[in-house]
Each structure stands twice: as C-alpha cells, then as structure tokens.
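> File follows, final31.tsv with TSV, C-alpha atoms:
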chain	number	residue	atom	x	y	z
A	1	MET	CA	-29.91	-13.57	-14.71
A	2	ILE	CA	-27.15	-10.96	-14.98
A	3	LEU	CA	-28.51	-8.96	-12.08
A	4	VAL	CA	-28.62	-12.14	-10.01
A	5	GLY	CA	-24.98	-12.69	-10.95
A	6	LEU	CA	-24.10	-9.10	-10.05
A	7	VAL	CA	-25.72	-9.36	-6.64
A	8	MET	CA	-24.05	-12.72	-6.06
A	9	GLU	CA	-20.65	-11.37	-7.11
A	10	THR	CA	-21.09	-8.33	-4.87
A	11	PHE	CA	-21.69	-10.57	-1.86
A	12	LEU	CA	-19.27	-13.33	-2.76
A	13	SER	CA	-16.37	-11.24	-4.02
A	14	ASN	CA	-15.33	-11.33	-0.36
A	15	TYR	CA	-13.79	-14.79	-0.10
A	16	ILE	CA	-14.48	-15.09	3.63
A	17	ILE	CA	-18.20	-15.58	2.97
A	18	ILE	CA	-17.46	-18.30	0.40
A	19	TYR	CA	-15.19	-20.10	2.85
A	20	TYR	CA	-17.90	-19.91	5.50
A	21	ILE	CA	-20.25	-21.66	3.06
A	22	TYR	CA	-17.59	-24.32	2.44
A	23	ALA	CA	-16.88	-24.79	6.15
A	24	THR	CA	-17.52	-28.30	7.52
A	25	ASN	CA	-19.43	-27.37	10.67
A	26	THR	CA	-22.33	-25.53	9.04
A	27	PRO	CA	-26.10	-26.08	9.56
A	28	TRP	CA	-28.02	-28.36	7.17
A	29	TRP	CA	-29.58	-25.52	5.19
A	30	VAL	CA	-26.15	-24.22	4.16
A	31	GLU	CA	-25.66	-27.47	2.23
A	32	ILE	CA	-28.82	-26.72	0.26
A	33	VAL	CA	-27.72	-23.12	-0.37
A	34	LYS	CA	-24.32	-24.38	-1.50
A	35	PHE	CA	-25.92	-26.89	-3.88
A	36	VAL	CA	-28.13	-24.19	-5.44
A	37	PHE	CA	-25.22	-21.75	-5.71
A	38	GLU	CA	-23.00	-24.34	-7.32
A	39	LEU	CA	-25.45	-24.59	-10.21
A	40	TYR	CA	-24.70	-20.99	-11.09
A	41	PRO	CA	-21.23	-20.42	-12.70
A	42	PRO	CA	-20.31	-17.07	-11.04
A	43	PHE	CA	-20.33	-18.74	-7.61
A	44	ASN	CA	-17.80	-21.36	-8.69
A	45	PHE	CA	-15.78	-18.65	-10.43
A	46	SER	CA	-15.65	-16.61	-7.20
A	47	LYS	CA	-14.46	-19.63	-5.24
A	48	ALA	CA	-11.79	-20.54	-7.82
A	49	TYR	CA	-10.59	-16.94	-8.14
A	50	SER	CA	-10.41	-16.54	-4.34
A	51	ASP	CA	-8.44	-19.77	-4.02
A	52	ILE	CA	-5.87	-18.54	-6.55
A	53	ALA	CA	-5.81	-14.98	-5.16
A	54	ASN	CA	-5.28	-16.19	-1.58
A	55	LYS	CA	-2.26	-18.16	-2.65
A	56	ALA	CA	-0.77	-15.87	-5.30
A	57	ALA	CA	-1.43	-12.39	-3.88
A	58	SER	CA	-1.47	-10.68	-0.49
A	59	HIS	CA	-4.74	-11.33	1.33
A	60	PHE	CA	-6.53	-10.01	4.38
A	61	ASP	CA	-6.25	-12.16	7.48
A	62	SER	CA	-9.26	-11.71	9.74
A	63	PHE	CA	-7.42	-13.20	12.74
A	64	GLU	CA	-4.36	-10.96	12.51
A	65	PHE	CA	-6.55	-8.13	11.19
A	66	ARG	CA	-4.00	-7.09	8.57
A	67	TRP	CA	-2.96	-7.86	5.01
A	68	ILE	CA	-0.58	-10.80	4.75
A	69	PRO	CA	1.97	-10.51	1.91
A	70	VAL	CA	2.60	-13.38	-0.51
A	71	ASN	CA	4.55	-16.27	0.94
A	72	PHE	CA	6.79	-17.15	-2.00
A	73	TYR	CA	8.08	-20.33	-0.31
A	74	ASN	CA	4.69	-22.02	-0.38
A	75	LEU	CA	3.53	-20.57	-3.67
A	76	PHE	CA	4.01	-23.59	-5.94
B	1	MET	CA	8.24	39.42	28.01
B	2	LYS	CA	9.52	42.71	26.59
B	3	TYR	CA	12.07	40.67	24.67
B	4	VAL	CA	9.26	38.53	23.23
B	5	ALA	CA	7.31	41.65	22.25
B	6	ASP	CA	10.35	43.22	20.57
B	7	GLU	CA	11.25	40.02	18.70
B	8	ASN	CA	7.75	39.72	17.28
B	9	GLN	CA	7.23	43.44	16.62
B	10	LEU	CA	4.38	43.62	19.12
B	11	GLU	CA	3.57	46.45	21.45
B	12	PHE	CA	4.56	45.81	25.06
B	13	ASN	CA	1.80	46.45	27.61
B	14	LYS	CA	-0.78	46.32	24.83
B	15	ASP	CA	-0.35	43.20	22.71
B	16	VAL	CA	1.87	41.57	25.30
B	17	LYS	CA	0.62	42.46	28.73
B	18	LEU	CA	0.38	41.33	32.32
B	19	LEU	CA	-2.92	39.56	32.94
B	20	THR	CA	-2.94	38.44	36.58
B	21	ILE	CA	-0.67	38.19	39.61
B	22	GLY	CA	-1.28	35.79	42.47
B	23	ASN	CA	-2.25	32.16	42.66
B	24	SER	CA	-3.08	29.99	39.63
B	25	SER	CA	-6.84	30.22	40.03
B	26	ARG	CA	-6.78	33.94	39.31
B	27	PHE	CA	-5.35	33.22	35.85
B	28	THR	CA	-7.92	30.52	35.07
B	29	ASP	CA	-10.69	32.80	36.36
B	30	TYR	CA	-9.46	35.56	34.05
B	31	LEU	CA	-9.54	33.16	31.08
B	32	ALA	CA	-13.06	32.04	31.99
B	33	GLU	CA	-14.28	35.62	32.22
B	34	ASN	CA	-12.55	36.78	29.02
B	35	GLN	CA	-13.10	33.88	26.70
B	36	ASN	CA	-11.48	33.93	23.24
B	37	LYS	CA	-9.57	37.13	24.00
B	38	THR	CA	-6.26	35.55	24.93
B	39	LYS	CA	-4.35	33.71	22.22
B	40	TYR	CA	-1.28	32.72	24.22
B	41	GLY	CA	-0.46	32.88	27.91
B	42	VAL	CA	2.84	32.51	29.74
B	43	VAL	CA	2.41	31.43	33.35
B	44	PHE	CA	5.47	32.08	35.52
B	45	CYS	CA	5.69	29.95	38.60
B	46	LEU	CA	7.60	30.68	41.79
B	47	ASP	CA	6.26	28.18	44.32
B	48	SER	CA	3.86	25.61	42.89
B	49	LEU	CA	1.56	25.64	39.91
B	50	ASN	CA	-2.05	24.49	40.21
B	51	LEU	CA	-3.36	24.93	36.70
B	52	PHE	CA	-6.31	23.05	35.16
B	53	ASN	CA	-6.42	20.39	37.93
B	54	THR	CA	-2.69	19.78	37.61
B	55	SER	CA	-0.22	20.50	40.39
B	56	ILE	CA	3.42	21.06	39.45
B	57	PRO	CA	6.16	22.02	41.94
B	58	CYS	CA	8.27	24.95	40.78
B	59	ASN	CA	10.73	25.33	43.62
B	60	PHE	CA	13.78	23.09	43.30
B	61	GLU	CA	16.07	24.51	46.00
B	62	PHE	CA	17.71	21.12	46.62
B	63	PHE	CA	19.25	21.23	43.14
B	64	ASN	CA	21.42	24.19	44.12
B	65	ALA	CA	20.75	25.88	40.76
B	66	THR	CA	18.51	28.61	39.39
B	67	PHE	CA	15.29	27.33	37.89
B	68	ASN	CA	12.95	29.52	35.91
B	69	LEU	CA	9.86	27.49	35.26
B	70	TYR	CA	7.14	28.78	32.99
B	71	THR	CA	4.18	27.18	31.30
B	72	LEU	CA	2.79	28.10	27.91
B	73	VAL	CA	-0.98	28.19	27.60
B	74	TYR	CA	-2.68	28.55	24.23
B	75	ASN	CA	-6.19	28.84	22.86
B	76	ILE	CA	-6.95	25.40	21.47
B	77	SER	CA	-9.71	26.75	19.19
B	78	SER	CA	-7.19	28.61	17.05
B	79	ALA	CA	-4.53	25.89	17.16
B	80	PRO	CA	-4.12	23.60	14.13
B	81	ASN	CA	-5.73	20.24	14.70
B	82	GLY	CA	-6.21	16.98	12.87
B	83	PHE	CA	-9.97	17.33	12.49
B	84	LEU	CA	-11.18	15.98	9.10
B	85	ALA	CA	-7.59	15.30	8.04
B	86	GLY	CA	-6.70	12.04	6.32
B	87	PRO	CA	-5.93	9.04	8.53
B	88	ASN	CA	-2.30	8.97	7.36
B	89	THR	CA	-1.74	12.71	7.77
B	90	PRO	CA	0.70	13.46	10.61
B	91	TRP	CA	-0.59	15.50	13.52
B	92	PRO	CA	-0.09	19.22	12.65
B	93	THR	CA	2.63	21.20	14.38
B	94	TYR	CA	2.08	24.67	15.86
B	95	PRO	CA	4.98	26.83	14.61
B	96	ALA	CA	3.70	29.99	16.36
B	97	LEU	CA	3.80	28.28	19.75
B	98	ALA	CA	7.28	26.90	19.03
B	99	LYS	CA	8.40	30.45	18.17
B	100	LEU	CA	6.99	31.71	21.48
B	101	LYS	CA	8.93	29.00	23.35
B	102	GLN	CA	12.10	29.95	21.47
B	103	ASP	CA	11.62	33.63	22.24
B	104	MET	CA	10.98	32.90	25.91
B	105	ASP	CA	14.21	30.88	26.20
B	106	ASN	CA	16.17	33.49	24.26
B	107	GLY	CA	14.65	36.17	26.50
B	108	TYR	CA	15.89	34.35	29.60
B	109	MET	CA	19.38	33.93	28.11
B	110	ASN	CA	19.40	37.60	27.13
B	111	TYR	CA	18.43	38.58	30.70
B	112	TYR	CA	21.09	36.46	32.39
B	113	SER	CA	23.74	37.47	29.84
B	114	ASP	CA	23.07	41.12	30.69
B	115	LEU	CA	23.43	40.34	34.42
B	116	ARG	CA	26.75	38.59	33.90
B	117	GLY	CA	28.05	40.96	31.25
B	118	ILE	CA	28.16	38.45	28.42
B	119	ASN	CA	27.91	40.20	25.09
B	120	PRO	CA	26.49	39.18	22.67
B	121	ALA	CA	23.98	36.98	24.43
B	122	PRO	CA	23.71	33.37	23.16
B	123	LYS	CA	20.68	32.55	21.07
B	124	LEU	CA	18.79	29.38	20.36
B	125	ASN	CA	17.92	28.60	16.77
B	126	LEU	CA	14.83	26.60	16.03
B	127	THR	CA	14.22	24.03	13.31
B	128	LEU	CA	10.75	22.59	13.16
B	129	GLN	CA	9.75	19.44	11.33
B	130	SER	CA	6.48	17.62	11.02
B	131	PHE	CA	5.50	14.62	13.08
B	132	PRO	CA	6.46	11.31	11.47
B	133	ILE	CA	4.12	9.90	8.85
B	134	ALA	CA	3.05	6.55	10.20
B	135	GLN	CA	2.22	3.83	7.73
B	136	ASN	CA	-1.39	2.71	7.96
B	137	ARG	CA	-1.23	-0.80	9.37
B	138	PHE	CA	-4.66	-1.78	8.10
B	139	PHE	CA	-4.12	-0.88	4.45
B	140	SER	CA	-0.45	-1.83	4.20
B	141	LYS	CA	0.02	-4.44	1.43
B	142	ALA	CA	-3.68	-4.18	0.53
B	143	ASP	CA	-4.48	-5.63	-2.88
B	144	VAL	CA	-7.81	-4.62	-4.43
B	145	VAL	CA	-7.38	-7.03	-7.34
B	146	ALA	CA	-7.02	-9.93	-4.92
B	147	SER	CA	-9.83	-8.88	-2.60
B	148	SER	CA	-12.51	-7.87	-5.09
B	149	GLY	CA	-11.10	-9.01	-8.44
B	150	ALA	CA	-13.77	-11.70	-8.71
B	151	PHE	CA	-16.36	-8.94	-8.94
B	152	TYR	CA	-14.64	-6.91	-11.68
B	153	PHE	CA	-13.34	-9.84	-13.75
B	154	PHE	CA	-16.90	-11.15	-13.79
B	155	PHE	CA	-17.97	-8.54	-16.37
B	156	PRO	CA	-16.15	-9.54	-19.61
B	157	PRO	CA	-17.50	-13.13	-19.53
B	158	VAL	CA	-20.97	-11.80	-18.73
B	159	ILE	CA	-20.91	-9.38	-21.65
B	160	SER	CA	-19.96	-12.28	-23.96
B	161	PHE	CA	-22.81	-14.26	-22.39
B	162	VAL	CA	-25.31	-11.52	-23.27
B	163	MET	CA	-23.95	-11.20	-26.82
B	164	ILE	CA	-24.20	-14.94	-27.49
B	165	LEU	CA	-27.65	-15.10	-25.92
B	166	LEU	CA	-28.94	-12.18	-28.01
B	167	GLU	CA	-27.54	-13.58	-31.26
B	168	ILE	CA	-28.99	-17.06	-30.69
B	169	ILE	CA	-32.39	-15.67	-29.80
B	170	LYS	CA	-32.33	-13.36	-32.82
B	171	GLU	CA	-31.73	-16.40	-35.02
B	172	LYS	CA	-34.42	-18.30	-33.18
B	173	ASP	CA	-36.85	-15.42	-33.60
B	174	SER	CA	-36.17	-15.21	-37.34
B	175	LYS	CA	-36.55	-19.02	-37.57
B	176	LEU	CA	-33.08	-19.46	-39.08
B	177	ARG	CA	-32.69	-22.98	-37.73
B	178	LYS	CA	-35.87	-24.06	-39.49
B	179	SER	CA	-34.51	-22.68	-42.77
B	180	LEU	CA	-31.43	-24.88	-42.21
B	181	LEU	CA	-33.72	-27.89	-41.95
B	182	ILE	CA	-35.23	-26.96	-45.31
B	183	ILE	CA	-31.85	-27.12	-47.03
B	184	GLY	CA	-31.16	-30.52	-45.48
B	185	LEU	CA	-29.07	-29.72	-42.38
B	186	ASN	CA	-30.07	-30.97	-38.98
B	187	ASN	CA	-29.58	-29.28	-35.56
B	188	SER	CA	-25.99	-30.41	-34.98
B	189	PRO	CA	-24.21	-28.00	-37.40
B	190	PHE	CA	-26.16	-25.11	-35.90
B	191	TRP	CA	-25.04	-25.89	-32.34
B	192	ILE	CA	-21.51	-26.88	-33.39
B	193	SER	CA	-21.10	-23.52	-35.13
B	194	TRP	CA	-22.21	-21.72	-31.95
B	195	LEU	CA	-19.93	-23.92	-29.85
B	196	LEU	CA	-16.96	-23.01	-32.03
B	197	THR	CA	-17.93	-19.33	-31.80
B	198	SER	CA	-18.11	-19.65	-28.00
B	199	ILE	CA	-14.71	-21.33	-27.79
B	200	ILE	CA	-13.13	-18.59	-29.94
B	201	PHE	CA	-14.87	-15.88	-27.89
B	202	SER	CA	-13.80	-17.46	-24.60
B	203	SER	CA	-10.20	-17.89	-25.75
B	204	LEU	CA	-9.97	-14.29	-26.94
B	205	ILE	CA	-11.52	-12.85	-23.77
B	206	SER	CA	-9.32	-15.00	-21.52
B	207	ILE	CA	-6.10	-14.20	-23.37
B	208	ILE	CA	-6.85	-10.46	-23.38
B	209	LEU	CA	-7.84	-10.46	-19.69
B	210	VAL	CA	-4.82	-12.39	-18.47
B	211	THR	CA	-2.32	-10.59	-20.74
B	212	VAL	CA	-3.55	-7.13	-19.76
B	213	SER	CA	-3.52	-8.11	-16.07
B	214	ILE	CA	0.08	-9.32	-16.38
B	215	ILE	CA	1.02	-6.06	-18.13
B	216	PHE	CA	-0.53	-4.15	-15.22
B	217	ARG	CA	1.50	-6.35	-12.79
B	218	PHE	CA	-1.48	-7.64	-10.78
B	219	GLU	CA	-0.01	-10.03	-8.21
B	220	VAL	CA	-2.73	-12.64	-8.74
B	221	PHE	CA	-1.61	-13.02	-12.35
B	222	THR	CA	2.14	-12.45	-12.10
B	223	ASN	CA	2.57	-14.96	-9.23
B	224	SER	CA	0.50	-17.73	-10.79
B	225	PRO	CA	1.19	-19.73	-13.97
B	226	PHE	CA	-0.39	-18.39	-17.15
B	227	LEU	CA	-2.25	-21.64	-17.84
B	228	ILE	CA	-4.05	-21.60	-14.47
B	229	THR	CA	-5.42	-18.08	-14.85
B	230	PHE	CA	-6.13	-18.67	-18.54
B	231	TYR	CA	-8.15	-21.82	-17.84
B	232	LEU	CA	-9.95	-20.10	-14.96
B	233	PHE	CA	-11.33	-17.42	-17.29
B	234	PHE	CA	-11.65	-19.68	-20.32
B	235	LEU	CA	-13.76	-22.25	-18.48
B	236	PHE	CA	-15.84	-19.60	-16.71
B	237	THR	CA	-16.57	-17.75	-19.97
B	238	LEU	CA	-17.40	-21.03	-21.69
B	239	THR	CA	-19.71	-22.03	-18.82
B	240	MET	CA	-21.51	-18.71	-19.02
B	241	GLN	CA	-22.02	-19.23	-22.74
B	242	PHE	CA	-23.34	-22.74	-22.16
B	243	LEU	CA	-25.75	-21.10	-19.76
B	244	ALA	CA	-26.72	-18.79	-22.64
B	245	PHE	CA	-27.37	-21.88	-24.82
B	246	PHE	CA	-29.59	-23.25	-22.07
B	247	LEU	CA	-31.46	-19.97	-21.65
B	248	SER	CA	-31.97	-19.67	-25.40
B	249	THR	CA	-34.19	-22.75	-25.21
B	250	ILE	CA	-36.35	-21.07	-22.55
B	251	LEU	CA	-36.54	-17.53	-23.99
B	252	LYS	CA	-38.89	-17.59	-26.94
B	253	SER	CA	-38.90	-14.19	-28.60
B	254	ILE	CA	-36.74	-11.18	-29.39
B	255	ARG	CA	-38.83	-9.30	-26.84
B	256	SER	CA	-37.34	-11.29	-24.01
B	257	ALA	CA	-33.93	-10.73	-25.61
B	258	TYR	CA	-34.52	-6.98	-25.41
B	259	THR	CA	-35.24	-7.40	-21.71
B	260	VAL	CA	-31.87	-9.11	-21.36
B	261	ASN	CA	-30.35	-6.25	-23.37
B	262	ILE	CA	-31.71	-3.71	-20.88
B	263	TYR	CA	-30.13	-5.75	-18.10
B	264	LYS	CA	-26.85	-5.61	-20.00
B	265	ILE	CA	-27.03	-1.81	-20.16
B	266	ASN	CA	-27.83	-1.79	-16.45
B	267	SER	CA	-24.89	-4.02	-15.72
B	268	VAL	CA	-22.53	-1.72	-17.65
B	269	ARG	CA	-23.94	1.24	-15.74
B	270	PHE	CA	-23.39	-0.68	-12.52
B	271	LEU	CA	-19.78	-1.29	-13.55
B	272	MET	CA	-19.29	2.43	-14.23
B	273	HIS	CA	-20.47	3.19	-10.71
In structure tokens, how does this file's structure come out?


Amino acid sequence: MILVGLVMETFLSNYIIIYYIYATNTPWWVEIVKFVFELYPPFNFSKAYSDIANKAASHFDSFEFRWIPVNFYNLF
Amino acid sequence: MKYVADENQLEFNKDVKLLTIGNSSRFTDYLAENQNKTKYGVVFCLDSLNLFNTSIPCNFEFFNATFNLYTLVYNISSAPNGFLAGPNTPWPTYPALAKLKQDMDNGYMNYYSDLRGINPAPKLNLTLQSFPIAQNRFFSKADVVASSGAFYFFFPPVISFVMILLEIIKEKDSKLRKSLLIIGLNNSPFWISWLLTSIIFSSLISIILVTVSIIFRFEVFTNSPFLITFYLFFLFTLTMQFLAFFLSTILKSIRSAYTVNIYKINSVRFLMH
C-alpha cells in the first residue's frame, strides 16, 4: 500500500500530469483511471497540494518554459 | 617580437622565432606539419590575409594612415575552455593571450616612439576581468517545495498510517477487542479511542509540518493562510489513518503487519535516497 503510494507520489508530484488527468477533453478510460485514483488519498492530496502551490508559490509554466513568480495581486 | 621576448624573459630566435615568410598557406602548412609544437603564433599581414578559409584585407591606403595589422593564432588544445564546467560558469578568459596582445601593442608603440624620438615610450596597461555570469533562465525562481513538495510531505502522514495500522493489528492479533467484550464493552469505545488517537496524531503532525515549513520560509506556506495548509495536512493524515482502520479489517495477523513494517523501512530508505 505504501509502495503504491510512493510510486503514485513520484509520478503525480508533478502537477502537470494531475491536470492532464483532470482535463475535460480526455479519452473515456482516463475517467476510469481518475475514479480509481480518487479512491486513494495520496492522489487527492497531490491535487490539493498542487492547487495551493500553484497559487501561493512560483511554479513552472510549460508554455513560457520558465518559472513564474508568485502573483501577489491574485493570491487571495 | 624581440620586445615580446624581452618582456616575457624568453630567448629571441629560440623561444620566439620566425616560422615562415610568404603567403598565408605556408604558415598553415607549417602548423599542419609541426602539430602541437607551436603554442602561439603572430601573423603579420602586408597585403591580404587568407588564413583558415578567411580572407581579410590588410592594406588600407585610402585611410592615409599607417596600419600594422597582425593576427594572433593560438593552440586551442592548451587554451582554457568551458568543457565540463557548470552551466552558470562564465566562459574562461585566456590571460596569457591577452598578455601577448598587450606586449605586441606595446612593442609597436616602443618601435614608433624610437623612430620619432619619444622617450619614454607610452605603454598600455591591461586589466582583465571574467566574462559576465549570466543568470540561468530555466532555474531562476525555481521552487523545489512547490514543484515536488507533494512527494516529500507525503511521508509524515504515511508513517503515522503505518504506526496506527501496526498498533491496531497488534491489538487484533492479541484479541484485545474480545477481552473488552468480556468486561461488558462493545466495539464503539474501541473505535472511538482509536479515532481520538488518530485526530490527536493528525493534529500534531499537521501543526509540526506547517509550523516548521513557515519557519523555513517555504513560499507555499508563507503565502497561504495557516488554516488552509493545516486542514490540507490534517485531513490527509486523517484519511490515511481511516485507510489504516479499513486495512486492519482485512489484515488478519501480526505476520501481515510485519510485512507492512518492512515496507515502512523501505519507504524510509527511499526517503533517504
């Protein structure tokens, strides 16, 4: 169980993969994967942590290909 | 060139010597035939220079001034280079080559000062500084806590999960709950006591995690309200312990608990990596 969590955290600590899973235009099987993952707490933790981190700390923008500093105007 | 030899305490006609006279190809041919024997070369040009597939005019009569054009050639094998240097390290300078350039210019000024009777001859001083250190654009403002914090902050709740799971299974293995039934208690006090333990564990872990992170000035924690980060960890730790409650109904013996224990050791080892 822990090793499953470790592997999941290793893959999902990168928030971009989580946001791909939560994208709206995904194939049908991604919905099933998402449902299974949501039953396991570390997946939801990764998503919640990434949501907070993306807002509260500098994050990597894959379009601009650089780290974007915190935007304090839109923080709260 | 005698001036250069004297300035650098080298022997003229031995350390500093004439290699070729004629067109440019004779010099390149000499270098090809005597590889790794020439450290520096000074190529004087009177008409036009055709060196290494490059053609440079050297005669500027229309300027109505005296031009002395020379080219410095150096052995790139012995020159400092940026091979295996860090990505932010500035490109290395070559002080020896800069000194040769300075000596050449001073030699020219010395020669023309002698011709015109200027004494003492003017001299150029040289100050050399490194190339600018460019900031790495890719890693500027990088935040490891934000990018992979979910992975590292995953461990404290998981360790509490393993502890709770082991304790419950130990009690199950020693049939403690059945002994409670004997003294007239039903299942509820047993689970309520574990629930209270879990809530206390989760609160402690969350408070310690968030407080220490704020002390270390992690942006994720300093820029977000305490309650949000506290509830994030509190609810996650509590959920993991509820998962432990669920697993304790599946795992039947202390043997399986030992298996989980081995996984715990492995997970700690993984963290240390």

> For region 43-59 of chain A, work out the shell of residues within 10 Å, counting all atoms listed in the file and skipping chain neighbours fewer than 6 positions away, then give it as number ranges by chain.

A: 5, 8-9, 12-19, 22, 34, 36-37, 66-72, 74-76; B: 141-151, 153-154, 218-225, 228-229, 232-233, 235-237, 239

> Distance CA of Phe44 (chain B)-CA of Arg26 (chain B), one decimal place?

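According to the coordinates, CA of Phe44 (chain B) and CA of Arg26 (chain B) are separated by 13.0 Å.
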
> Could you tell me how far CA of Asp105 (chain B) lies from CA of Tyr40 (chain B), in Å and to one decimal?

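Distance reported for this atom pair: 15.7 Å.
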
> What's the 7 Å shell around Ser206 (chain B), counting all atoms listed in the file, without same-chain residues fewer than 4 positions away, as a PDB file with C-alpha atoms, in the frame of the given file?


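Below is the file that was written, out.pdb:
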ATOM      1  CA  SER B 202     -13.800 -17.460 -24.600  1.00  0.00           C
ATOM      2  CA  VAL B 210      -4.820 -12.390 -18.470  1.00  0.00           C
ATOM      3  CA  PHE B 230      -6.130 -18.670 -18.540  1.00  0.00           C
ATOM      4  CA  PHE B 233     -11.330 -17.420 -17.290  1.00  0.00           C
ATOM      5  CA  PHE B 234     -11.650 -19.680 -20.320  1.00  0.00           C
TER       6      PHE B 234
END

> Have a look at B:Pro157, B:Pro95, B:Gly117, B:Pro189 and name the one nearest to Pro41 (chain A); count all atoms listed in the file.

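So, comparing all the options, the nearest one is B:Pro157.
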
> Using all atoms listed in the file, can you tell me which of B:Pro87, B:Glu167, B:Leu180, B:Ile192 comes closest to Arg137 (chain B)?

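Result for the nearest residue to Arg137 (chain B): B:Pro87.
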
> Could you work out how far CA of Val7 (chain A) lies from CA of Leu195 (chain B), giving the answer in Å with one decimal?

28.0 Å

> From the structure just shown, export region 144-159 of chain B with N, CA, C and O atoms as a PDB file, in the first residue's frame.


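Once written, decode_38.pdb looks like this:
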ATOM      1  N   VAL B 144      11.624  24.149  -5.268  1.00  0.00           N
ATOM      2  CA  VAL B 144      11.533  22.687  -5.150  1.00  0.00           C
ATOM      3  C   VAL B 144      10.339  22.298  -4.285  1.00  0.00           C
ATOM      4  O   VAL B 144       9.657  21.310  -4.552  1.00  0.00           O
ATOM      5  N   VAL B 145      10.083  23.102  -3.242  1.00  0.00           N
ATOM      6  CA  VAL B 145       8.975  22.780  -2.328  1.00  0.00           C
ATOM      7  C   VAL B 145       7.649  22.832  -3.081  1.00  0.00           C
ATOM      8  O   VAL B 145       6.763  22.009  -2.872  1.00  0.00           O
ATOM      9  N   ALA B 146       7.532  23.790  -4.003  1.00  0.00           N
ATOM     10  CA  ALA B 146       6.284  23.891  -4.759  1.00  0.00           C
ATOM     11  C   ALA B 146       6.183  22.787  -5.799  1.00  0.00           C
ATOM     12  O   ALA B 146       5.113  22.229  -6.020  1.00  0.00           O
ATOM     13  N   SER B 147       7.312  22.458  -6.443  1.00  0.00           N
ATOM     14  CA  SER B 147       7.245  21.509  -7.551  1.00  0.00           C
ATOM     15  C   SER B 147       7.133  20.068  -7.068  1.00  0.00           C
ATOM     16  O   SER B 147       6.398  19.282  -7.631  1.00  0.00           O
ATOM     17  N   SER B 148       7.897  19.700  -6.032  1.00  0.00           N
ATOM     18  CA  SER B 148       7.839  18.300  -5.605  1.00  0.00           C
ATOM     19  C   SER B 148       7.572  18.169  -4.111  1.00  0.00           C
ATOM     20  O   SER B 148       7.939  17.164  -3.510  1.00  0.00           O
ATOM     21  N   GLY B 149       6.953  19.189  -3.538  1.00  0.00           N
ATOM     22  CA  GLY B 149       6.608  19.127  -2.107  1.00  0.00           C
ATOM     23  C   GLY B 149       5.613  18.035  -1.801  1.00  0.00           C
ATOM     24  O   GLY B 149       5.680  17.400  -0.740  1.00  0.00           O
ATOM     25  N   ALA B 150       4.693  17.771  -2.741  1.00  0.00           N
ATOM     26  CA  ALA B 150       3.681  16.736  -2.507  1.00  0.00           C
ATOM     27  C   ALA B 150       4.334  15.388  -2.248  1.00  0.00           C
ATOM     28  O   ALA B 150       3.814  14.572  -1.491  1.00  0.00           O
ATOM     29  N   PHE B 151       5.476  15.174  -2.866  1.00  0.00           N
ATOM     30  CA  PHE B 151       6.177  13.898  -2.677  1.00  0.00           C
ATOM     31  C   PHE B 151       6.794  13.820  -1.282  1.00  0.00           C
ATOM     32  O   PHE B 151       6.661  12.818  -0.588  1.00  0.00           O
ATOM     33  N   TYR B 152       7.451  14.889  -0.836  1.00  0.00           N
ATOM     34  CA  TYR B 152       8.159  14.834   0.452  1.00  0.00           C
ATOM     35  C   TYR B 152       7.207  14.984   1.633  1.00  0.00           C
ATOM     36  O   TYR B 152       7.414  14.342   2.662  1.00  0.00           O
ATOM     37  N   PHE B 153       6.169  15.813   1.496  1.00  0.00           N
ATOM     38  CA  PHE B 153       5.222  15.980   2.601  1.00  0.00           C
ATOM     39  C   PHE B 153       4.277  14.789   2.717  1.00  0.00           C
ATOM     40  O   PHE B 153       3.448  14.750   3.607  1.00  0.00           O
ATOM     41  N   PHE B 154       4.419  13.846   1.823  1.00  0.00           N
ATOM     42  CA  PHE B 154       3.611  12.633   1.856  1.00  0.00           C
ATOM     43  C   PHE B 154       4.084  11.697   2.972  1.00  0.00           C
ATOM     44  O   PHE B 154       3.311  10.914   3.511  1.00  0.00           O
ATOM     45  N   PHE B 155       5.353  11.801   3.364  1.00  0.00           N
ATOM     46  CA  PHE B 155       5.938  10.818   4.281  1.00  0.00           C
ATOM     47  C   PHE B 155       5.423  10.890   5.721  1.00  0.00           C
ATOM     48  O   PHE B 155       5.084   9.839   6.270  1.00  0.00           O
ATOM     49  N   PRO B 156       5.364  12.060   6.374  1.00  0.00           N
ATOM     50  CA  PRO B 156       4.884  12.057   7.773  1.00  0.00           C
ATOM     51  C   PRO B 156       3.495  11.439   7.936  1.00  0.00           C
ATOM     52  O   PRO B 156       3.316  10.593   8.823  1.00  0.00           O
ATOM     53  N   PRO B 157       2.498  11.776   7.099  1.00  0.00           N
ATOM     54  CA  PRO B 157       1.202  11.115   7.250  1.00  0.00           C
ATOM     55  C   PRO B 157       1.289   9.606   7.036  1.00  0.00           C
ATOM     56  O   PRO B 157       0.583   8.846   7.699  1.00  0.00           O
ATOM     57  N   VAL B 158       2.173   9.187   6.112  1.00  0.00           N
ATOM     58  CA  VAL B 158       2.270   7.753   5.833  1.00  0.00           C
ATOM     59  C   VAL B 158       2.898   7.009   7.009  1.00  0.00           C
ATOM     60  O   VAL B 158       2.496   5.886   7.341  1.00  0.00           O
ATOM     61  N   ILE B 159       3.854   7.646   7.657  1.00  0.00           N
ATOM     62  CA  ILE B 159       4.480   6.995   8.817  1.00  0.00           C
ATOM     63  C   ILE B 159       3.443   6.848   9.939  1.00  0.00           C
ATOM     64  O   ILE B 159       3.363   5.801  10.593  1.00  0.00           O
TER      65      ILE B 159
END
